[in-house]
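Data first, discussion second: the structure below is written as structure tokens.
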Amino acid sequence: MKIKILFFGIAKDITGVNALDMELKDTFNSNELKDLLKEKYSKFNAINDFSLAVNEAYIDEVYSLKNNDTVAIIPPVSGG
């Protein structure tokens with residue numbers, strides 16, 4: 001299956017790209033994607049937690065990815 005990954009904030013700095021097309025096995029979930037990103041980009045391990053949005057909707061639980069999904073990697077946000 002093919003998915004598109006969008007990177008924001010520090011996630012964009014870590015990968016060096018705004019977006020990435022990725023080919024995955026037919027059954028892949030959001031937790032597996034997080035693990036894959038941490039394996040491919042070791043600096044993701046320094047981020048305590050990052051959120052995922054799939055097709056512009058935040059996901060809170062393990063989500064089974066589907067062909068042509070767009071996944072946004074959203075790092076923690078702090079402000080004051």
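Going by the structure tokens order, chains are called A, B, ..., each with residues numbered from 1, while ligands are numbered from 1 in the order shown.
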Neighbours of range 11-19 of chain A within 10 Å (only C-alpha atoms; same-chain residues fewer than 2 positions away dropped), as a PDB file with N, CA and C atoms, in the first residue's frame?
ATOM      1  N   LYS A   4       1.008   8.775   2.076  1.00  0.00           N
ATOM      2  CA  LYS A   4       1.777  10.016   2.049  1.00  0.00           C
ATOM      3  C   LYS A   4       1.918  10.465   3.495  1.00  0.00           C
ATOM      4  N   ILE A   5       3.137  10.848   3.879  1.00  0.00           N
ATOM      5  CA  ILE A   5       3.395  11.328   5.225  1.00  0.00           C
ATOM      6  C   ILE A   5       3.780  12.799   5.143  1.00  0.00           C
ATOM      7  N   LEU A   6       3.118  13.623   5.954  1.00  0.00           N
ATOM      8  CA  LEU A   6       3.413  15.052   6.042  1.00  0.00           C
ATOM      9  C   LEU A   6       4.106  15.314   7.366  1.00  0.00           C
ATOM     10  N   PHE A   7       5.163  16.105   7.342  1.00  0.00           N
ATOM     11  CA  PHE A   7       5.951  16.397   8.540  1.00  0.00           C
ATOM     12  C   PHE A   7       5.828  17.879   8.896  1.00  0.00           C
ATOM     13  N   PHE A   8       5.650  18.150  10.206  1.00  0.00           N
ATOM     14  CA  PHE A   8       5.517  19.517  10.694  1.00  0.00           C
ATOM     15  C   PHE A   8       6.490  19.758  11.838  1.00  0.00           C
ATOM     16  N   GLY A   9       6.861  21.015  12.041  1.00  0.00           N
ATOM     17  CA  GLY A   9       7.709  21.394  13.162  1.00  0.00           C
ATOM     18  C   GLY A   9       9.032  20.644  13.185  1.00  0.00           C
ATOM     19  N   ASP A  21       6.416  10.065   0.303  1.00  0.00           N
ATOM     20  CA  ASP A  21       5.564   8.957  -0.127  1.00  0.00           C
ATOM     21  C   ASP A  21       6.233   7.673   0.319  1.00  0.00           C
ATOM     22  N   MET A  22       5.449   6.783   0.910  1.00  0.00           N
ATOM     23  CA  MET A  22       6.024   5.561   1.456  1.00  0.00           C
ATOM     24  C   MET A  22       5.206   4.351   1.018  1.00  0.00           C
ATOM     25  N   LEU A  37       9.346   4.997  11.718  1.00  0.00           N
ATOM     26  CA  LEU A  37       9.949   6.331  11.656  1.00  0.00           C
ATOM     27  C   LEU A  37      11.078   6.472  12.666  1.00  0.00           C
ATOM     28  N   LYS A  40      14.032   4.579  11.190  1.00  0.00           N
ATOM     29  CA  LYS A  40      14.620   5.237  10.024  1.00  0.00           C
ATOM     30  C   LYS A  40      15.279   6.567  10.380  1.00  0.00           C
ATOM     31  N   TYR A  41      14.657   7.295  11.307  1.00  0.00           N
ATOM     32  CA  TYR A  41      15.158   8.603  11.742  1.00  0.00           C
ATOM     33  C   TYR A  41      15.349   8.536  13.251  1.00  0.00           C
ATOM     34  N   SER A  42      16.537   8.206  13.701  1.00  0.00           N
ATOM     35  CA  SER A  42      16.788   7.962  15.122  1.00  0.00           C
ATOM     36  C   SER A  42      16.458   9.162  16.008  1.00  0.00           C
ATOM     37  N   LYS A  43      16.500  10.361  15.463  1.00  0.00           N
ATOM     38  CA  LYS A  43      16.204  11.546  16.275  1.00  0.00           C
ATOM     39  C   LYS A  43      14.735  11.606  16.710  1.00  0.00           C
ATOM     40  N   PHE A  44      13.868  10.814  16.069  1.00  0.00           N
ATOM     41  CA  PHE A  44      12.479  10.746  16.524  1.00  0.00           C
ATOM     42  C   PHE A  44      12.407  10.167  17.933  1.00  0.00           C
ATOM     43  N   ILE A  47      11.941  12.705  20.685  1.00  0.00           N
ATOM     44  CA  ILE A  47      10.635  13.327  20.878  1.00  0.00           C
ATOM     45  C   ILE A  47       9.834  12.405  21.793  1.00  0.00           C
ATOM     46  N   PHE A  50       4.612  12.062  19.830  1.00  0.00           N
ATOM     47  CA  PHE A  50       4.109  12.848  18.723  1.00  0.00           C
ATOM     48  C   PHE A  50       2.774  12.269  18.283  1.00  0.00           C
ATOM     49  N   THR A  70      -3.299   9.785   3.965  1.00  0.00           N
ATOM     50  CA  THR A  70      -2.343  10.850   4.214  1.00  0.00           C
ATOM     51  C   THR A  70      -2.188  10.967   5.718  1.00  0.00           C
ATOM     52  N   VAL A  71      -0.951  10.787   6.186  1.00  0.00           N
ATOM     53  CA  VAL A  71      -0.660  10.794   7.618  1.00  0.00           C
ATOM     54  C   VAL A  71       0.186  12.017   7.941  1.00  0.00           C
ATOM     55  N   ALA A  72      -0.290  12.808   8.890  1.00  0.00           N
ATOM     56  CA  ALA A  72       0.466  13.979   9.341  1.00  0.00           C
ATOM     57  C   ALA A  72       1.152  13.638  10.657  1.00  0.00           C
ATOM     58  N   ILE A  73       2.443  13.913  10.736  1.00  0.00           N
ATOM     59  CA  ILE A  73       3.226  13.725  11.955  1.00  0.00           C
ATOM     60  C   ILE A  73       3.264  15.068  12.664  1.00  0.00           C
ATOM     61  N   ILE A  74       2.668  15.089  13.863  1.00  0.00           N
ATOM     62  CA  ILE A  74       2.526  16.343  14.580  1.00  0.00           C
ATOM     63  C   ILE A  74       3.268  16.243  15.910  1.00  0.00           C
ATOM     64  N   PRO A  75       4.396  16.941  16.029  1.00  0.00           N
ATOM     65  CA  PRO A  75       5.173  16.884  17.272  1.00  0.00           C
ATOM     66  C   PRO A  75       4.475  17.647  18.387  1.00  0.00           C
ATOM     67  N   PRO A  76       4.913  17.439  19.628  1.00  0.00           N
ATOM     68  CA  PRO A  76       4.311  18.190  20.740  1.00  0.00           C
ATOM     69  C   PRO A  76       4.467  19.687  20.529  1.00  0.00           C
TER      70      PRO A  76
END
DSSP-assigned strand (DSSP E or B) members of chain A, reported as a PDB file with N, CA and C atoms, in the first residue's frame:
ATOM      1  N   LYS A   2       0.345   2.312  -0.526  1.00  0.00           N
ATOM      2  CA  LYS A   2       1.073   3.579  -0.558  1.00  0.00           C
ATOM      3  C   LYS A   2       0.381   4.573   0.360  1.00  0.00           C
ATOM      4  N   ILE A   3       1.194   5.314   1.117  1.00  0.00           N
ATOM      5  CA  ILE A   3       0.675   6.399   1.937  1.00  0.00           C
ATOM      6  C   ILE A   3       1.548   7.634   1.728  1.00  0.00           C
ATOM      7  N   LYS A   4       1.008   8.775   2.076  1.00  0.00           N
ATOM      8  CA  LYS A   4       1.777  10.016   2.049  1.00  0.00           C
ATOM      9  C   LYS A   4       1.918  10.465   3.495  1.00  0.00           C
ATOM     10  N   ILE A   5       3.137  10.848   3.879  1.00  0.00           N
ATOM     11  CA  ILE A   5       3.395  11.328   5.225  1.00  0.00           C
ATOM     12  C   ILE A   5       3.780  12.799   5.143  1.00  0.00           C
ATOM     13  N   LEU A   6       3.118  13.623   5.954  1.00  0.00           N
ATOM     14  CA  LEU A   6       3.413  15.052   6.042  1.00  0.00           C
ATOM     15  C   LEU A   6       4.106  15.314   7.366  1.00  0.00           C
ATOM     16  N   PHE A   7       5.163  16.105   7.342  1.00  0.00           N
ATOM     17  CA  PHE A   7       5.951  16.397   8.540  1.00  0.00           C
ATOM     18  C   PHE A   7       5.828  17.879   8.896  1.00  0.00           C
ATOM     19  N   ALA A  19       7.235  16.333   3.027  1.00  0.00           N
ATOM     20  CA  ALA A  19       6.351  15.201   2.750  1.00  0.00           C
ATOM     21  C   ALA A  19       7.167  14.047   2.194  1.00  0.00           C
ATOM     22  N   LEU A  20       6.618  12.860   2.356  1.00  0.00           N
ATOM     23  CA  LEU A  20       7.303  11.648   1.916  1.00  0.00           C
ATOM     24  C   LEU A  20       6.250  10.639   1.487  1.00  0.00           C
ATOM     25  N   ASP A  21       6.416  10.065   0.303  1.00  0.00           N
ATOM     26  CA  ASP A  21       5.564   8.957  -0.127  1.00  0.00           C
ATOM     27  C   ASP A  21       6.233   7.673   0.319  1.00  0.00           C
ATOM     28  N   MET A  22       5.449   6.783   0.910  1.00  0.00           N
ATOM     29  CA  MET A  22       6.024   5.561   1.456  1.00  0.00           C
ATOM     30  C   MET A  22       5.206   4.351   1.018  1.00  0.00           C
ATOM     31  N   GLU A  23       5.899   3.299   0.678  1.00  0.00           N
ATOM     32  CA  GLU A  23       5.274   2.023   0.326  1.00  0.00           C
ATOM     33  C   GLU A  23       5.383   1.109   1.543  1.00  0.00           C
ATOM     34  N   ASN A  29      -0.209  -0.599  10.792  1.00  0.00           N
ATOM     35  CA  ASN A  29      -0.993   0.293  11.642  1.00  0.00           C
ATOM     36  C   ASN A  29      -0.164   1.492  12.100  1.00  0.00           C
ATOM     37  N   SER A  51       1.910  13.134  17.820  1.00  0.00           N
ATOM     38  CA  SER A  51       0.569  12.729  17.425  1.00  0.00           C
ATOM     39  C   SER A  51       0.526  12.438  15.938  1.00  0.00           C
ATOM     40  N   LEU A  52      -0.489  11.668  15.569  1.00  0.00           N
ATOM     41  CA  LEU A  52      -0.733  11.384  14.166  1.00  0.00           C
ATOM     42  C   LEU A  52      -2.139  11.843  13.811  1.00  0.00           C
ATOM     43  N   ALA A  53      -2.267  12.366  12.618  1.00  0.00           N
ATOM     44  CA  ALA A  53      -3.577  12.645  12.043  1.00  0.00           C
ATOM     45  C   ALA A  53      -3.632  11.877  10.729  1.00  0.00           C
ATOM     46  N   VAL A  54      -4.730  11.211  10.493  1.00  0.00           N
ATOM     47  CA  VAL A  54      -4.906  10.461   9.250  1.00  0.00           C
ATOM     48  C   VAL A  54      -6.059  11.096   8.489  1.00  0.00           C
ATOM     49  N   ALA A  57      -7.761  13.948  10.363  1.00  0.00           N
ATOM     50  CA  ALA A  57      -8.444  13.693  11.637  1.00  0.00           C
ATOM     51  C   ALA A  57      -7.445  13.067  12.606  1.00  0.00           C
ATOM     52  N   TYR A  58      -7.345  13.658  13.799  1.00  0.00           N
ATOM     53  CA  TYR A  58      -6.453  13.093  14.817  1.00  0.00           C
ATOM     54  C   TYR A  58      -6.905  11.689  15.182  1.00  0.00           C
ATOM     55  N   ILE A  59      -5.935  10.805  15.428  1.00  0.00           N
ATOM     56  CA  ILE A  59      -6.262   9.461  15.899  1.00  0.00           C
ATOM     57  C   ILE A  59      -5.703   9.306  17.311  1.00  0.00           C
ATOM     58  N   SER A  64      -5.593   1.226  11.707  1.00  0.00           N
ATOM     59  CA  SER A  64      -5.142   0.420  10.562  1.00  0.00           C
ATOM     60  C   SER A  64      -5.086   1.319   9.337  1.00  0.00           C
ATOM     61  N   THR A  70      -3.299   9.785   3.965  1.00  0.00           N
ATOM     62  CA  THR A  70      -2.343  10.850   4.214  1.00  0.00           C
ATOM     63  C   THR A  70      -2.188  10.967   5.718  1.00  0.00           C
ATOM     64  N   VAL A  71      -0.951  10.787   6.186  1.00  0.00           N
ATOM     65  CA  VAL A  71      -0.660  10.794   7.618  1.00  0.00           C
ATOM     66  C   VAL A  71       0.186  12.017   7.941  1.00  0.00           C
ATOM     67  N   ALA A  72      -0.290  12.808   8.890  1.00  0.00           N
ATOM     68  CA  ALA A  72       0.466  13.979   9.341  1.00  0.00           C
ATOM     69  C   ALA A  72       1.152  13.638  10.657  1.00  0.00           C
ATOM     70  N   ILE A  73       2.443  13.913  10.736  1.00  0.00           N
ATOM     71  CA  ILE A  73       3.226  13.725  11.955  1.00  0.00           C
ATOM     72  C   ILE A  73       3.264  15.068  12.664  1.00  0.00           C
ATOM     73  N   ILE A  74       2.668  15.089  13.863  1.00  0.00           N
ATOM     74  CA  ILE A  74       2.526  16.343  14.580  1.00  0.00           C
ATOM     75  C   ILE A  74       3.268  16.243  15.910  1.00  0.00           C
TER      76      ILE A  74
END
Å distance separating CA of Thr27 in chain A from CA of Lys66 in chain A, one decimal place: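 These atoms are spaced 8.0 Å apart.
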Write down as a PyMOL selection string the residues of chain A whose backbone DSSP state falls under helix (DSSP H, G or I). chain A and resi 10-15+30-40+42-46
As an exercise, work out the distance from CA of Asp35 in chain A to CA of Ile10 in chain A in Å and give it to one decimal place.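 Atom-to-atom, CA of Asp35 in chain A and CA of Ile10 in chain A are spaced 17.1 Å apart.
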Need to verify the contact set: Val62 in chain A, 10 Å, only C-alpha atoms, exclusion of same-chain residues closer than 5 positions in sequence. Can you return it as a list of chain:residue names?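 Counting only C-alpha atoms, the residues come to A:Asn29, A:Ser30, A:Asn31, A:Glu32.
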Emit the selected residues as an mmCIF file, in the first residue's frame, including C-alpha atoms.
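Dumped everything to part_29.cif:
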data_model
loop_
_atom_site.group_PDB
_atom_site.id
_atom_site.type_symbol
_atom_site.label_atom_id
_atom_site.label_comp_id
_atom_site.auth_asym_id
_atom_site.auth_seq_id
_atom_site.Cartn_x
_atom_site.Cartn_y
_atom_site.Cartn_z
ATOM 1 C CA ASN A 29 -0.993 0.293 11.642
ATOM 2 C CA SER A 30 -0.191 3.643 13.198
ATOM 3 C CA ASN A 31 2.006 2.183 15.940
ATOM 4 C CA GLU A 32 4.055 0.267 13.379
#
Tell me which of A:Ala46, A:Leu24, A:Lys34, A:Asn55 sits closest to Asp69 in chain A, counting only C-alpha atoms.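 When distances to Asp69 in chain A are compared using only C-alpha atoms, the smallest one comes from A:Asn55.
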